[in-house]
Amino acid sequence: MPIRVTLPPTLGARIAASDRPLVGAWSCAGSATNAEIVAGSGLDVVLIDVEHSPADLESVLAQLHAVAAYPVAPLVRPPFGDTVTIKRFLDLGVQNLLVPMVDTAEQAAEIVRAVRYPPLGVRGVGSALARSSRWNRVEGYLADATTTISLFVQVESATAAANVDEILAVDGVDGVFFGPSDLAASMGLLGQQEHPEVVAAVLAGIAAAGLAGKPAAVNAFGHEAADRYLAAGASLVIVGADVALLARGTEALAARFIPQPATDAAGEPRASY
C-alpha cells in the first residue's frame with residue numbers, strides 16, 4: 001500500500017498564519033549544502049535562485065531535498081516566466097514560485113495561466129510522472145493543485161511600479177516581490193537602490209499591496225533598509241545571500257590577518273570595504 005503524502009504549507013499560507021513578518025536569505029550558489037546551511041539558520045525562507053546563478057533543474061531539486069528536513073519555506077525563482085519553464089519547475093515540486101520581471105497585469109495573468117491546470121490555465125498534466133504530486137502519492141493533487149502553490153511576481157521596473165495596482169488585482173497572483181536594484185536601474189539610477197525615488201516607489205508598492213490584501217516582499221541586504229520595509233508593512237524581507245555572506249566574511253578574514261599596503265599597485269590609496 002503506497003504512502004499517502006501531505007504537502008507542506010505554501011509560503012502564502014505561512015505568511016497568513018504568522019504573527020510577524022517572515023525573514024529569509026538567498027541560495028545563489030546552486031549548492032545544496034549552502035541551501036541546507038541557510039535552512040538550518042533559523043530564518044523562515046530560503047530563496048533558491050536560478051535567474052542569476054549557475055543553478056539548473058537538477059541542482060534546484062537537490063536544494064529542495066536538502067531544505068525539506070527544516071521548517072522553512074523554499075521560494076524558487078526561475079530564470080524566466082514562460083509556460084514551459086514554469087511547468088518544469090512546478091513538476092519538480094516547487095510550491096512557491098517567484099517569477100522575475102513582470103511589468104503588466106497582462107503578463108501576470110499569463111503566468112497565472114501557466115501555473116493552473118485547464119480549464120483555468122494551460123499547465124501540462126504530467127504530475128503522475130513528477131515530484132509535484134510525489135508520483136501520485138498526494139491524494140487529489142490535480143483537483144487541489146492551485147491551493148498547493150503560491151505565486152509571487154517581481155515588481156522591478158518603473159513600468160511595473162506604475163502598474164502595481166493592476167498586477168495586484170490579478171486573480172492568482174498571491175503576492176508581489178520588489179527588487180530595488182533592478183527598479184533603480186530602470187529609473188536611471190543604476191546601483192542606487194537607496195535613492196529616495198527608489199525607496200518611495202517600493203514604499204508605495206508595499207502600501208498598495210496592503211490595500212489589496214496581498215503580501216509584499218522585498219530584497220533588502222542593508223539592515224536599515226530591511227528595518228524600513230518591515231516597518232512599512234512588508235510581509236517578507238530577504239536580508240542576505242549565501243554568496244555575499246561568504247564573500248564579505250572571507251574579505252573580513254583577509255583584512256584581519258593579512259597586512260594590507262596603504263596603496264594599490266598604481267600607487268593610489270587602497271579602497272576600504
# chains A, B, ... in the order shown; residues from 1 in each chain; ligands from 1
$ select_by_dssp --residues "stretch 201-253 of chain A" --states "strand (DSSP E or B)" --output "NGL selection string"
:A and (216-219 or 236-241)
$ write_last_selection --atoms "N, CA and C atoms" --output "PDB file, in the first residue's frame"
ATOM      1  N   ALA A 216       3.462  41.700   0.487  1.00  0.00           N
ATOM      2  CA  ALA A 216       4.553  42.301  -0.267  1.00  0.00           C
ATOM      3  C   ALA A 216       5.869  41.822   0.320  1.00  0.00           C
ATOM      4  N   ALA A 217       6.774  41.431  -0.562  1.00  0.00           N
ATOM      5  CA  ALA A 217       8.122  41.029  -0.158  1.00  0.00           C
ATOM      6  C   ALA A 217       9.114  41.977  -0.807  1.00  0.00           C
ATOM      7  N   VAL A 218      10.312  42.046  -0.230  1.00  0.00           N
ATOM      8  CA  VAL A 218      11.314  42.964  -0.771  1.00  0.00           C
ATOM      9  C   VAL A 218      12.707  42.444  -0.464  1.00  0.00           C
ATOM     10  N   ASN A 219      13.623  42.721  -1.375  1.00  0.00           N
ATOM     11  CA  ASN A 219      15.030  42.389  -1.193  1.00  0.00           C
ATOM     12  C   ASN A 219      15.709  43.567  -0.508  1.00  0.00           C
ATOM     13  N   LEU A 236       7.488  39.898   3.970  1.00  0.00           N
ATOM     14  CA  LEU A 236       8.695  39.090   3.838  1.00  0.00           C
ATOM     15  C   LEU A 236       9.829  39.994   3.392  1.00  0.00           C
ATOM     16  N   VAL A 237      10.955  39.910   4.080  1.00  0.00           N
ATOM     17  CA  VAL A 237      12.145  40.650   3.682  1.00  0.00           C
ATOM     18  C   VAL A 237      13.297  39.660   3.553  1.00  0.00           C
ATOM     19  N   ILE A 238      13.988  39.728   2.410  1.00  0.00           N
ATOM     20  CA  ILE A 238      15.168  38.893   2.178  1.00  0.00           C
ATOM     21  C   ILE A 238      16.389  39.719   2.545  1.00  0.00           C
ATOM     22  N   VAL A 239      17.159  39.256   3.517  1.00  0.00           N
ATOM     23  CA  VAL A 239      18.172  40.109   4.150  1.00  0.00           C
ATOM     24  C   VAL A 239      19.612  39.687   3.857  1.00  0.00           C
ATOM     25  N   GLY A 240      19.821  38.692   3.021  1.00  0.00           N
ATOM     26  CA  GLY A 240      21.191  38.282   2.723  1.00  0.00           C
ATOM     27  C   GLY A 240      21.221  37.201   1.670  1.00  0.00           C
ATOM     28  N   ALA A 241      22.427  36.835   1.266  1.00  0.00           N
ATOM     29  CA  ALA A 241      22.622  35.785   0.263  1.00  0.00           C
ATOM     30  C   ALA A 241      23.856  34.985   0.624  1.00  0.00           C
TER      31      ALA A 241
END
$ residues_around --residues "A:Pro8" --least-positions-apart "5" --cutoff "9 Å" --atoms "only C-alpha atoms" --output "list in words"
Ala73, Gln95 and Thr148 of chain A
$ closest_residue --among "A:Val72, A:Ala244, A:Leu22, A:Ala225" --to "A:His195" --atoms "only C-alpha atoms"
A:Ala225
$ select_by_dssp --residues "stretch 34-227 of chain A" --states "alpha helix (DSSP H)" --output "VMD selection string"
chain A and resid 34 to 39 57 to 67 83 to 91 105 to 115 141 to 144 158 to 162 164 to 168 180 to 186 196 to 212 223 to 227
$ closest_residue --among "A:Thr250, A:Gln154, A:Ser27, A:Ser181" --to "A:Leu98" --atoms "only C-alpha atoms"
A:Gln154
$ residues_around --residues "A:Leu64" --least-positions-apart "5" --cutoff "10 Å" --atoms "only C-alpha atoms" --output "PyMOL selection string"
chain A and resi 32+35-36+46+48+58-59+69+73-76+92-94
$ atom_distance --atom1 "atom CA of A:Val112" --atom2 "atom CA of A:Glu51"
19.1 Å
$ residues_around --residues "A:Ala220" --least-positions-apart "4" --cutoff "12 Å" --atoms "only C-alpha atoms" --output "ChimeraX atom specification"
/A:23-26,177-181,193-194,199,202,224-230,234,236-241
$ closest_residue --among "A:Leu120, A:Val115, A:Ile15, A:Ala200" --to "A:Leu90" --atoms "only C-alpha atoms"
A:Val115
$ residues_around --residues "A:Glu166" --least-positions-apart "2" --cutoff "12 Å" --atoms "only C-alpha atoms" --output "ChimeraX atom specification"
/A:102-109,155,159-164,168-171,173,176,205,208-209,212
$ closest_residue --among "A:Leu253, A:Val153, A:Val67, A:Ala13" --to "A:Phe80" --atoms "only C-alpha atoms"
A:Val153
$ residues_around --residues "A:Val125" --least-positions-apart "6" --cutoff "12 Å" --atoms "only C-alpha atoms" --output "PyMOL selection string"
chain A and resi 87-88+90-91+114-119+132-133+141-143+145
$ write_last_selection --atoms "N, CA, C and O atoms" --output "tab-separated table (two decimals), in the first residue's frame"
chain	number	residue	atom	x	y	z
A	87	LYS	N	6.17	25.16	-16.06
A	87	LYS	CA	5.71	23.76	-15.97
A	87	LYS	C	6.78	22.86	-15.39
A	87	LYS	O	6.50	22.03	-14.51
A	88	ARG	N	8.00	23.01	-15.85
A	88	ARG	CA	9.08	22.13	-15.40
A	88	ARG	C	9.40	22.37	-13.92
A	88	ARG	O	9.66	21.41	-13.18
A	90	LEU	N	7.30	23.54	-11.62
A	90	LEU	CA	6.19	23.04	-10.81
A	90	LEU	C	6.23	21.52	-10.72
A	90	LEU	O	6.01	20.95	-9.65
A	91	ASP	N	6.48	20.84	-11.83
A	91	ASP	CA	6.54	19.39	-11.80
A	91	ASP	C	7.70	18.90	-10.94
A	91	ASP	O	7.66	17.79	-10.39
A	114	ALA	N	-0.17	29.79	-16.66
A	114	ALA	CA	0.89	28.78	-16.73
A	114	ALA	C	0.95	27.93	-15.47
A	114	ALA	O	1.37	26.76	-15.51
A	115	VAL	N	0.51	28.49	-14.35
A	115	VAL	CA	0.55	27.79	-13.07
A	115	VAL	C	-0.66	26.86	-12.88
A	115	VAL	O	-0.57	25.85	-12.17
A	116	ARG	N	-1.76	27.16	-13.54
A	116	ARG	CA	-3.00	26.44	-13.30
A	116	ARG	C	-3.29	25.42	-14.41
A	116	ARG	O	-2.98	25.64	-15.57
A	117	TYR	N	-3.92	24.32	-14.00
A	117	TYR	CA	-4.37	23.32	-14.97
A	117	TYR	C	-5.63	23.82	-15.70
A	117	TYR	O	-6.37	24.65	-15.18
A	118	PRO	N	-5.90	23.27	-16.89
A	118	PRO	CA	-7.17	23.56	-17.56
A	118	PRO	C	-8.35	23.14	-16.68
A	118	PRO	O	-8.21	22.21	-15.89
A	119	PRO	N	-9.47	23.83	-16.76
A	119	PRO	CA	-9.79	24.88	-17.73
A	119	PRO	C	-9.36	26.28	-17.29
A	119	PRO	O	-9.56	27.25	-18.02
A	132	SER	N	5.97	16.74	-8.08
A	132	SER	CA	4.94	17.66	-7.60
A	132	SER	C	3.84	16.93	-6.84
A	132	SER	O	3.41	17.39	-5.77
A	133	SER	N	3.39	15.79	-7.35
A	133	SER	CA	2.36	15.00	-6.68
A	133	SER	C	2.96	13.84	-5.90
A	133	SER	O	2.22	12.98	-5.40
A	141	TYR	N	-4.25	15.46	-5.94
A	141	TYR	CA	-3.33	16.55	-6.33
A	141	TYR	C	-3.89	17.41	-7.45
A	141	TYR	O	-3.86	18.64	-7.38
A	142	LEU	N	-4.40	16.79	-8.50
A	142	LEU	CA	-4.86	17.56	-9.65
A	142	LEU	C	-5.99	18.52	-9.26
A	142	LEU	O	-5.99	19.70	-9.68
A	143	ALA	N	-6.91	18.08	-8.48
A	143	ALA	CA	-8.04	18.92	-8.09
A	143	ALA	C	-7.61	20.05	-7.15
A	143	ALA	O	-8.18	21.15	-7.18
A	145	ALA	N	-4.36	21.29	-6.84
A	145	ALA	CA	-3.03	21.82	-7.16
A	145	ALA	C	-2.94	23.32	-6.94
A	145	ALA	O	-1.91	23.83	-6.45
$ atom_distance --atom1 "atom CA of A:Ser235" --atom2 "atom CA of A:Gly213"
11.1 Å
